[in-house]
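Asks: PDB, C-alpha atoms, file entry24.pdb:
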ATOM      1  CA  GLY A 873      69.081 -74.833 -78.194  1.00  0.00           C
ATOM      2  CA  ALA A 874      69.594 -72.123 -80.784  1.00  0.00           C
ATOM      3  CA  GLN A 875      73.122 -73.292 -81.627  1.00  0.00           C
ATOM      4  CA  THR A 876      71.894 -76.785 -82.470  1.00  0.00           C
ATOM      5  CA  ARG A 877      69.050 -75.453 -84.617  1.00  0.00           C
ATOM      6  CA  ALA A 878      71.510 -73.273 -86.533  1.00  0.00           C
ATOM      7  CA  ALA A 879      73.679 -76.321 -87.221  1.00  0.00           C
ATOM      8  CA  MET A 880      70.682 -78.308 -88.391  1.00  0.00           C
ATOM      9  CA  ASP A 881      69.853 -75.571 -90.891  1.00  0.00           C
ATOM     10  CA  GLY A 882      73.395 -75.765 -92.278  1.00  0.00           C
ATOM     11  CA  ARG A 883      74.275 -72.288 -91.064  1.00  0.00           C
ATOM     12  CA  ARG A 884      77.574 -71.467 -89.409  1.00  0.00           C
ATOM     13  CA  VAL A 885      77.754 -72.516 -85.769  1.00  0.00           C
ATOM     14  CA  SER A 886      79.936 -70.200 -83.736  1.00  0.00           C
ATOM     15  CA  GLU A 887      79.964 -72.268 -80.588  1.00  0.00           C
ATOM     16  CA  TRP A 888      81.081 -75.843 -80.186  1.00  0.00           C
ATOM     17  CA  ARG A 889      81.036 -77.817 -76.979  1.00  0.00           C
ATOM     18  CA  LEU A 890      84.386 -79.106 -75.673  1.00  0.00           C
ATOM     19  CA  LEU A 891      84.253 -82.194 -73.492  1.00  0.00           C
ATOM     20  CA  ASP A 892      87.590 -82.916 -71.786  1.00  0.00           C
ATOM     21  CA  MET A 893      86.734 -86.233 -70.223  1.00  0.00           C
ATOM     22  CA  GLY A 894      89.957 -87.734 -68.899  1.00  0.00           C
ATOM     23  CA  ALA A 895      90.592 -91.498 -68.887  1.00  0.00           C
ATOM     24  CA  SER A 896      87.908 -94.186 -69.003  1.00  0.00           C
ATOM     25  CA  GLY A 897      87.524 -97.777 -70.071  1.00  0.00           C
ATOM     26  CA  ALA A 898      86.994 -98.864 -73.660  1.00  0.00           C
ATOM     27  CA  ALA A 899      83.282 -99.695 -73.454  1.00  0.00           C
ATOM     28  CA  TYR A 900      82.500 -96.385 -71.732  1.00  0.00           C
ATOM     29  CA  ASN A 901      84.521 -94.351 -74.246  1.00  0.00           C
ATOM     30  CA  MET A 902      82.737 -95.904 -77.211  1.00  0.00           C
ATOM     31  CA  ALA A 903      79.329 -95.587 -75.508  1.00  0.00           C
ATOM     32  CA  VAL A 904      79.879 -91.830 -75.017  1.00  0.00           C
ATOM     33  CA  ASP A 905      80.720 -91.468 -78.720  1.00  0.00           C
ATOM     34  CA  ALA A 906      77.526 -93.348 -79.597  1.00  0.00           C
ATOM     35  CA  VAL A 907      75.411 -91.056 -77.402  1.00  0.00           C
ATOM     36  CA  LEU A 908      77.014 -87.937 -78.893  1.00  0.00           C
ATOM     37  CA  LEU A 909      76.322 -89.208 -82.401  1.00  0.00           C
ATOM     38  CA  ARG A 910      72.667 -89.986 -81.588  1.00  0.00           C
ATOM     39  CA  GLN A 911      72.156 -86.561 -79.960  1.00  0.00           C
ATOM     40  CA  GLN A 912      73.429 -84.517 -82.903  1.00  0.00           C
ATOM     41  CA  GLY A 913      70.762 -82.321 -84.389  1.00  0.00           C
ATOM     42  CA  ARG A 914      68.570 -82.774 -81.316  1.00  0.00           C
ATOM     43  CA  GLU A 915      69.963 -82.155 -77.838  1.00  0.00           C
ATOM     44  CA  SER A 916      73.642 -81.444 -78.514  1.00  0.00           C
ATOM     45  CA  PRO A 917      75.624 -78.686 -80.138  1.00  0.00           C
ATOM     46  CA  PRO A 918      78.541 -79.792 -82.318  1.00  0.00           C
ATOM     47  CA  THR A 919      81.015 -81.413 -79.941  1.00  0.00           C
ATOM     48  CA  LEU A 920      84.758 -81.979 -79.737  1.00  0.00           C
ATOM     49  CA  ARG A 921      85.480 -84.657 -77.140  1.00  0.00           C
ATOM     50  CA  VAL A 922      89.012 -85.295 -75.877  1.00  0.00           C
ATOM     51  CA  TYR A 923      89.716 -88.391 -73.801  1.00  0.00           C
ATOM     52  CA  ARG A 924      92.199 -91.101 -72.852  1.00  0.00           C
ATOM     53  CA  TRP A 925      92.049 -94.829 -72.204  1.00  0.00           C
ATOM     54  CA  SER A 926      92.316 -96.082 -68.610  1.00  0.00           C
ATOM     55  CA  GLY A 927      93.911 -99.364 -69.659  1.00  0.00           C
ATOM     56  CA  VAL A 928      95.161-101.139 -72.716  1.00  0.00           C
ATOM     57  CA  ALA A 929      92.267-101.500 -75.123  1.00  0.00           C
ATOM     58  CA  VAL A 930      91.610-102.409 -78.720  1.00  0.00           C
ATOM     59  CA  THR A 931      88.904-100.794 -80.810  1.00  0.00           C
ATOM     60  CA  VAL A 932      87.760-102.394 -84.024  1.00  0.00           C
ATOM     61  CA  GLY A 933      86.208-100.525 -86.970  1.00  0.00           C
ATOM     62  CA  TYR A 934      82.596-101.404 -87.738  1.00  0.00           C
ATOM     63  CA  SER A 935      83.402-103.309 -90.948  1.00  0.00           C
ATOM     64  CA  VAL A 936      86.259-105.427 -89.571  1.00  0.00           C
ATOM     65  CA  ALA A 937      85.614-109.099 -88.743  1.00  0.00           C
ATOM     66  CA  VAL A 938      86.793-109.203 -85.115  1.00  0.00           C
ATOM     67  CA  ASP A 939      87.400-112.960 -85.017  1.00  0.00           C
ATOM     68  CA  ARG A 940      89.653-112.721 -88.095  1.00  0.00           C
ATOM     69  CA  ALA A 941      91.556-109.640 -86.907  1.00  0.00           C
ATOM     70  CA  LEU A 942      92.187-110.565 -83.277  1.00  0.00           C
ATOM     71  CA  ASP A 943      92.907-113.494 -80.992  1.00  0.00           C
ATOM     72  CA  MET A 944      90.019-112.790 -78.642  1.00  0.00           C
ATOM     73  CA  SER A 945      91.017-115.436 -76.083  1.00  0.00           C
ATOM     74  CA  GLY A 946      94.551-113.990 -76.017  1.00  0.00           C
ATOM     75  CA  CYS A 947      93.185-110.470 -75.501  1.00  0.00           C
ATOM     76  CA  HIS A 948      90.930-111.706 -72.704  1.00  0.00           C
ATOM     77  CA  ALA A 949      93.788-113.608 -71.024  1.00  0.00           C
ATOM     78  CA  ALA A 950      96.010-110.503 -71.198  1.00  0.00           C
ATOM     79  CA  GLY A 951      93.277-108.266 -69.746  1.00  0.00           C
ATOM     80  CA  ILE A 952      92.928-106.248 -72.951  1.00  0.00           C
ATOM     81  CA  ALA A 953      89.469-104.802 -73.453  1.00  0.00           C
ATOM     82  CA  VAL A 954      88.117-105.130 -77.006  1.00  0.00           C
ATOM     83  CA  THR A 955      85.221-103.045 -78.261  1.00  0.00           C
ATOM     84  CA  ARG A 956      83.671-102.027 -81.554  1.00  0.00           C
ATOM     85  CA  ARG A 957      83.896 -98.421 -82.841  1.00  0.00           C
ATOM     86  CA  LEU A 958      81.022 -96.750 -84.650  1.00  0.00           C
ATOM     87  CA  THR A 959      83.486 -95.513 -87.257  1.00  0.00           C
ATOM     88  CA  GLY A 960      85.285 -97.350 -90.012  1.00  0.00           C
ATOM     89  CA  GLY A 961      88.980 -97.987 -90.125  1.00  0.00           C
ATOM     90  CA  GLY A 962      90.860-100.946 -88.844  1.00  0.00           C
ATOM     91  CA  VAL A 963      92.126-102.215 -85.521  1.00  0.00           C
ATOM     92  CA  VAL A 964      93.557 -99.628 -83.107  1.00  0.00           C
ATOM     93  CA  VAL A 965      95.500-100.435 -79.949  1.00  0.00           C
ATOM     94  CA  HIS A 966      95.072 -97.765 -77.253  1.00  0.00           C
ATOM     95  CA  ASP A 967      97.505 -97.652 -74.352  1.00  0.00           C
ATOM     96  CA  GLY A 968      96.786 -94.366 -72.608  1.00  0.00           C
ATOM     97  CA  ALA A 969      96.503 -92.703 -76.018  1.00  0.00           C
ATOM     98  CA  LEU A 970      95.004 -89.238 -76.252  1.00  0.00           C
ATOM     99  CA  THR A 971      91.972 -89.503 -78.501  1.00  0.00           C
ATOM    100  CA  PHE A 972      89.439 -87.068 -79.882  1.00  0.00           C
ATOM    101  CA  SER A 973      86.084 -87.337 -81.553  1.00  0.00           C
ATOM    102  CA  LEU A 974      84.023 -84.785 -83.437  1.00  0.00           C
ATOM    103  CA  ALA A 975      80.250 -85.094 -83.512  1.00  0.00           C
ATOM    104  CA  ALA A 976      78.196 -82.639 -85.550  1.00  0.00           C
ATOM    105  CA  PRO A 977      75.025 -82.751 -87.607  1.00  0.00           C
ATOM    106  CA  LEU A 978      75.440 -82.610 -91.365  1.00  0.00           C
ATOM    107  CA  PRO A 979      75.234 -80.352 -93.182  1.00  0.00           C
ATOM    108  CA  CYS A 980      77.156 -78.030 -90.901  1.00  0.00           C
ATOM    109  CA  SER A 981      78.893 -75.116 -92.562  1.00  0.00           C
ATOM    110  CA  ASP A 982      81.680 -75.271 -89.954  1.00  0.00           C
ATOM    111  CA  LEU A 983      82.761 -78.575 -91.513  1.00  0.00           C
ATOM    112  CA  PRO A 984      83.676 -79.719 -95.023  1.00  0.00           C
ATOM    113  CA  PRO A 985      80.893 -81.758 -96.658  1.00  0.00           C
ATOM    114  CA  SER A 986      83.024 -84.666 -97.928  1.00  0.00           C
ATOM    115  CA  ALA A 987      84.634 -87.478 -95.921  1.00  0.00           C
ATOM    116  CA  ASP A 988      88.030 -86.535 -97.394  1.00  0.00           C
ATOM    117  CA  GLY A 989      87.555 -82.872 -96.480  1.00  0.00           C
ATOM    118  CA  LEU A 990      86.414 -83.749 -92.968  1.00  0.00           C
ATOM    119  CA  HIS A 991      89.479 -85.968 -92.435  1.00  0.00           C
ATOM    120  CA  ARG A 992      91.774 -83.211 -93.719  1.00  0.00           C
ATOM    121  CA  PHE A 993      90.067 -80.686 -91.404  1.00  0.00           C
ATOM    122  CA  ALA A 994      90.440 -82.922 -88.342  1.00  0.00           C
ATOM    123  CA  MET A 995      94.077 -83.764 -89.080  1.00  0.00           C
ATOM    124  CA  LYS A 996      94.946 -80.056 -89.523  1.00  0.00           C
ATOM    125  CA  GLY A 997      93.605 -79.436 -86.030  1.00  0.00           C
ATOM    126  CA  ALA A 998      95.480 -82.442 -84.652  1.00  0.00           C
ATOM    127  CA  ARG A 999      98.672 -81.228 -86.307  1.00  0.00           C
ATOM    128  CA  ARG A1000      98.338 -77.803 -84.675  1.00  0.00           C
ATOM    129  CA  ALA A1001      97.754 -79.440 -81.283  1.00  0.00           C
ATOM    130  CA  LEU A1002     100.815 -81.664 -81.718  1.00  0.00           C
ATOM    131  CA  GLU A1003     102.938 -78.662 -82.697  1.00  0.00           C
ATOM    132  CA  ARG A1004     101.934 -76.935 -79.451  1.00  0.00           C
ATOM    133  CA  VAL A1005     103.454 -79.802 -77.458  1.00  0.00           C
ATOM    134  CA  GLY A1006     106.601 -79.986 -79.585  1.00  0.00           C
ATOM    135  CA  VAL A1007     105.744 -82.825 -81.968  1.00  0.00           C
ATOM    136  CA  ALA A1008     106.411 -82.013 -85.623  1.00  0.00           C
ATOM    137  CA  ALA A1009     104.195 -84.194 -87.806  1.00  0.00           C
ATOM    138  CA  ASP A1010     103.497 -84.049 -91.541  1.00  0.00           C
ATOM    139  CA  HIS A1011     100.395 -84.965 -93.506  1.00  0.00           C
ATOM    140  CA  THR A1012     100.729 -87.965 -95.791  1.00  0.00           C
ATOM    141  CA  ASP A1013      99.984 -87.278 -99.442  1.00  0.00           C
ATOM    142  CA  GLY A1014      98.995 -90.644-100.867  1.00  0.00           C
ATOM    143  CA  ARG A1015      96.884 -93.554 -99.835  1.00  0.00           C
ATOM    144  CA  ALA A1016      98.524 -96.618 -98.377  1.00  0.00           C
ATOM    145  CA  ALA A1017      98.080 -99.808-100.319  1.00  0.00           C
ATOM    146  CA  PRO A1018      96.027-102.360 -98.394  1.00  0.00           C
ATOM    147  CA  ASP A1019      98.015-105.300 -97.050  1.00  0.00           C
ATOM    148  CA  SER A1020      95.849-108.268 -97.925  1.00  0.00           C
ATOM    149  CA  ALA A1021      98.198-110.666 -96.110  1.00  0.00           C
ATOM    150  CA  GLY A1022      97.861-109.034 -92.698  1.00  0.00           C
ATOM    151  CA  PRO A1023      95.278-107.504 -90.412  1.00  0.00           C
ATOM    152  CA  ASN A1024      94.174-103.913 -90.813  1.00  0.00           C
ATOM    153  CA  TRP A1025      96.214-102.394 -87.957  1.00  0.00           C
ATOM    154  CA  CYS A1026      95.391 -98.702 -88.221  1.00  0.00           C
ATOM    155  CA  MET A1027      98.573 -97.173 -86.823  1.00  0.00           C
ATOM    156  CA  ARG A1028     100.773 -99.223 -89.173  1.00  0.00           C
ATOM    157  CA  ARG A1029      99.206 -97.688 -92.289  1.00  0.00           C
ATOM    158  CA  ALA A1030      99.185 -93.993 -93.078  1.00  0.00           C
ATOM    159  CA  TYR A1031      96.342 -92.934 -95.329  1.00  0.00           C
ATOM    160  CA  CYS A1032      95.797 -89.603 -97.023  1.00  0.00           C
ATOM    161  CA  HIS A1033      95.972 -86.694 -94.552  1.00  0.00           C
ATOM    162  CA  ASP A1034      97.037 -88.881 -91.585  1.00  0.00           C
ATOM    163  CA  LEU A1035      99.913 -87.473 -89.528  1.00  0.00           C
ATOM    164  CA  VAL A1036     103.338 -89.085 -89.493  1.00  0.00           C
ATOM    165  CA  THR A1037     106.769 -88.449 -87.969  1.00  0.00           C
ATOM    166  CA  ASP A1038     110.060 -90.196 -88.632  1.00  0.00           C
ATOM    167  CA  GLY A1039     108.893 -92.785 -86.103  1.00  0.00           C
ATOM    168  CA  GLY A1040     105.673 -93.585 -87.962  1.00  0.00           C
ATOM    169  CA  LYS A1041     102.017 -92.645 -87.847  1.00  0.00           C
ATOM    170  CA  VAL A1042     100.959 -90.507 -84.874  1.00  0.00           C
ATOM    171  CA  ALA A1043      97.375 -89.572 -85.775  1.00  0.00           C
ATOM    172  CA  GLY A1044      94.679 -90.831 -88.065  1.00  0.00           C
ATOM    173  CA  GLY A1045      90.958 -90.817 -88.277  1.00  0.00           C
ATOM    174  CA  ALA A1046      87.809 -92.561 -89.358  1.00  0.00           C
ATOM    175  CA  ASP A1047      84.343 -91.179 -89.811  1.00  0.00           C
ATOM    176  CA  ARG A1048      80.716 -92.173 -89.589  1.00  0.00           C
ATOM    177  CA  ARG A1049      78.007 -90.301 -91.439  1.00  0.00           C
TER
END
Just dump the structure as structure tokens.
Replies:
Amino acid sequence: GAQTRAAMDGRRVSEWRLLDMGASGAAYNMAVDAVLLRQQGRESPPTLRVYRWSGVAVTVGYSVAVDRALDMSGCHAAGIAVTRRLTGGGVVVHDGALTFSLAAPLPCSDLPPSADGLHRFAMKGARRALERVGVAADHTDGRAAPDSAGPNWCMRRAYCHDLVTDGGKVAGGADRR
């Protein structure tokens, strides 16, 4: 529609679509993200999707070697679904976690043009949402040093702009352009 065409031209889009999708399995959740990404600039307006995981699941960033990061037979035996994310980042364990994704065509003047700016933008929104439910989180300032001895477990490492509390990382993000 007109909103999508405006986004494709790089003009400001005043209307985003919100999809509040509830809980689903890992494969379904990642398939919906893939469809939203493919539809951007064609059938879909910029979209914020909020969802949960219906069981314990592990998602793995697109550049992570799954067989080196996980014991796949152990995950299978424990009934833990494992699926690949379209975005980067490391290994994320989801156990009912509230998750969001943003899908928008670039350029889109509603969003910063750089990966760093987009991450900062998303984490500011996540911080405001957490504040509304009584969770005080702060943005990290520096980048975490990679741990070459261990797997890339996303929630154990806070990167620039991720959200942390005294108990550790509570929100992070990865992007795909």
Asks: If you measure from CA of Pro917 (chain A) to CA of Pro985 (chain A), what distance in Å do you get, rounded to one decimal?
Replies: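 If I compute the distance from CA of Pro917 (chain A) to CA of Pro985 (chain A), I get 17.6 Å.
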Asks: Identify which of the residues A:Ser896, A:Gln912, A:Asn901, A:Ser926 lies closest to Thr955 (chain A), counting only C-alpha atoms when measuring atom-to-atom distances.
Replies: A:Asn901
Asks: May I ask for the distance between CA of Val907 (chain A) and CA of Thr919 (chain A), given in Å to one decimal place?
Replies: 11.4 Å
Asks: Given the choices A:Val963, A:Ala950, A:Leu970, A:Met944, which gets closest to Asp892 (chain A) if the distance is worked out from all atoms listed in the file?
Replies: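 That would be A:Leu970, the residue with the smallest distance to Asp892 (chain A).
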Asks: Would you translate the PyMOL selection byres ((chain A and resi 977) around 8) into the concrete set of residues it matches in this file, as a list in words?
Replies: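 Matching residues under the PyMOL selection byres ((chain A and resi 977) around 8) are Ala879, Met880, Gln912, Gly913, Pro918, Ala975, Ala976, Leu978, Pro979 and Cys980 of chain A.
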Asks: Taking the file as shown, find all residues satisfying the PyMOL selection byres ((chain A and resi 1044) around 6) and write them as a list in words.
Replies: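 Output from the PyMOL selection byres ((chain A and resi 1044) around 6), applied to this file: Asp1034, Ala1043 and Gly1045 of chain A.
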Asks: Distance CA of Val1042 (chain A)-CA of Leu891 (chain A), one decimal place?
Replies: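 CA of Leu891 (chain A) lies 21.9 Å from CA of Val1042 (chain A).
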Asks: Give me the residues near Val932 (chain A) as JSON, numbers by chain, where near means some atom within 12 Å (using all atoms listed in the file) and where sequence neighbours in that chain fewer than 3 positions away do not count.
Replies: {"A": [898, 899, 902, 929, 935, 936, 937, 938, 939, 940, 941, 942, 944, 953, 954, 955, 956, 957, 958, 959, 960, 961, 962, 963, 964, 965, 966, 1023, 1024, 1025, 1026, 1046]}
Asks: Mind working out the centre and edge lengths of an axis-aligned box for region 999-1004 of chain A, all listed atoms inside, 3 Å added to each side, rounded to one decimal in Å and written as JSON?
Replies:
{"center_x": 100.3, "center_y": -79.3, "center_z": -82.9, "size_x": 11.2, "size_y": 10.7, "size_z": 12.9}
Asks: Do a neighbour search on Gly989 (chain A) at 12 Å with only C-alpha atoms, toss out local chain neighbours closer than 5 positions, and write the hits as JSON, numbers by chain.
Replies: {"A": [982, 983, 984, 994, 995, 996, 1032, 1033, 1045, 1047]}
Asks: Select, from A:Ser945, A:Thr1012, A:Thr971, A:Gln911, the residue with the minimum atom-to-atom distance to Thr931 (chain A), counting only C-alpha atoms.
Replies: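 Using only C-alpha atoms, Thr931 (chain A) sits closest to A:Thr971.
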Asks: Mind checking which residues fall within 12 Å of Met893 (chain A), counting only C-alpha atoms, ignoring those fewer than 6 positions away in the same chain, and posting them as a compact mmCIF listing (two decimals) with C-alpha atoms, keeping the file's coordinate frame?
Replies:
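Below is the file that was written, result_14.txt:
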# COMPACT_ATOMS: atom_id res chain seq x y z
CA TYR A 900 82.50 -96.38 -71.73
CA ASN A 901 84.52 -94.35 -74.25
CA VAL A 904 79.88 -91.83 -75.02
CA ASP A 905 80.72 -91.47 -78.72
CA LEU A 920 84.76 -81.98 -79.74
CA ARG A 921 85.48 -84.66 -77.14
CA VAL A 922 89.01 -85.30 -75.88
CA TYR A 923 89.72 -88.39 -73.80
CA ARG A 924 92.20 -91.10 -72.85
CA TRP A 925 92.05 -94.83 -72.20
CA SER A 926 92.32 -96.08 -68.61
CA LEU A 970 95.00 -89.24 -76.25
CA THR A 971 91.97 -89.50 -78.50
CA PHE A 972 89.44 -87.07 -79.88
CA SER A 973 86.08 -87.34 -81.55
Asks: For Val928 (chain A), which residue out of A:Ala987, A:Leu974, A:Ala895, A:Ala903 is the nearest one, using only C-alpha atoms?
Replies: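 Of A:Ala987, A:Leu974, A:Ala895, A:Ala903, the one nearest Val928 (chain A) is A:Ala895, counting only C-alpha atoms.
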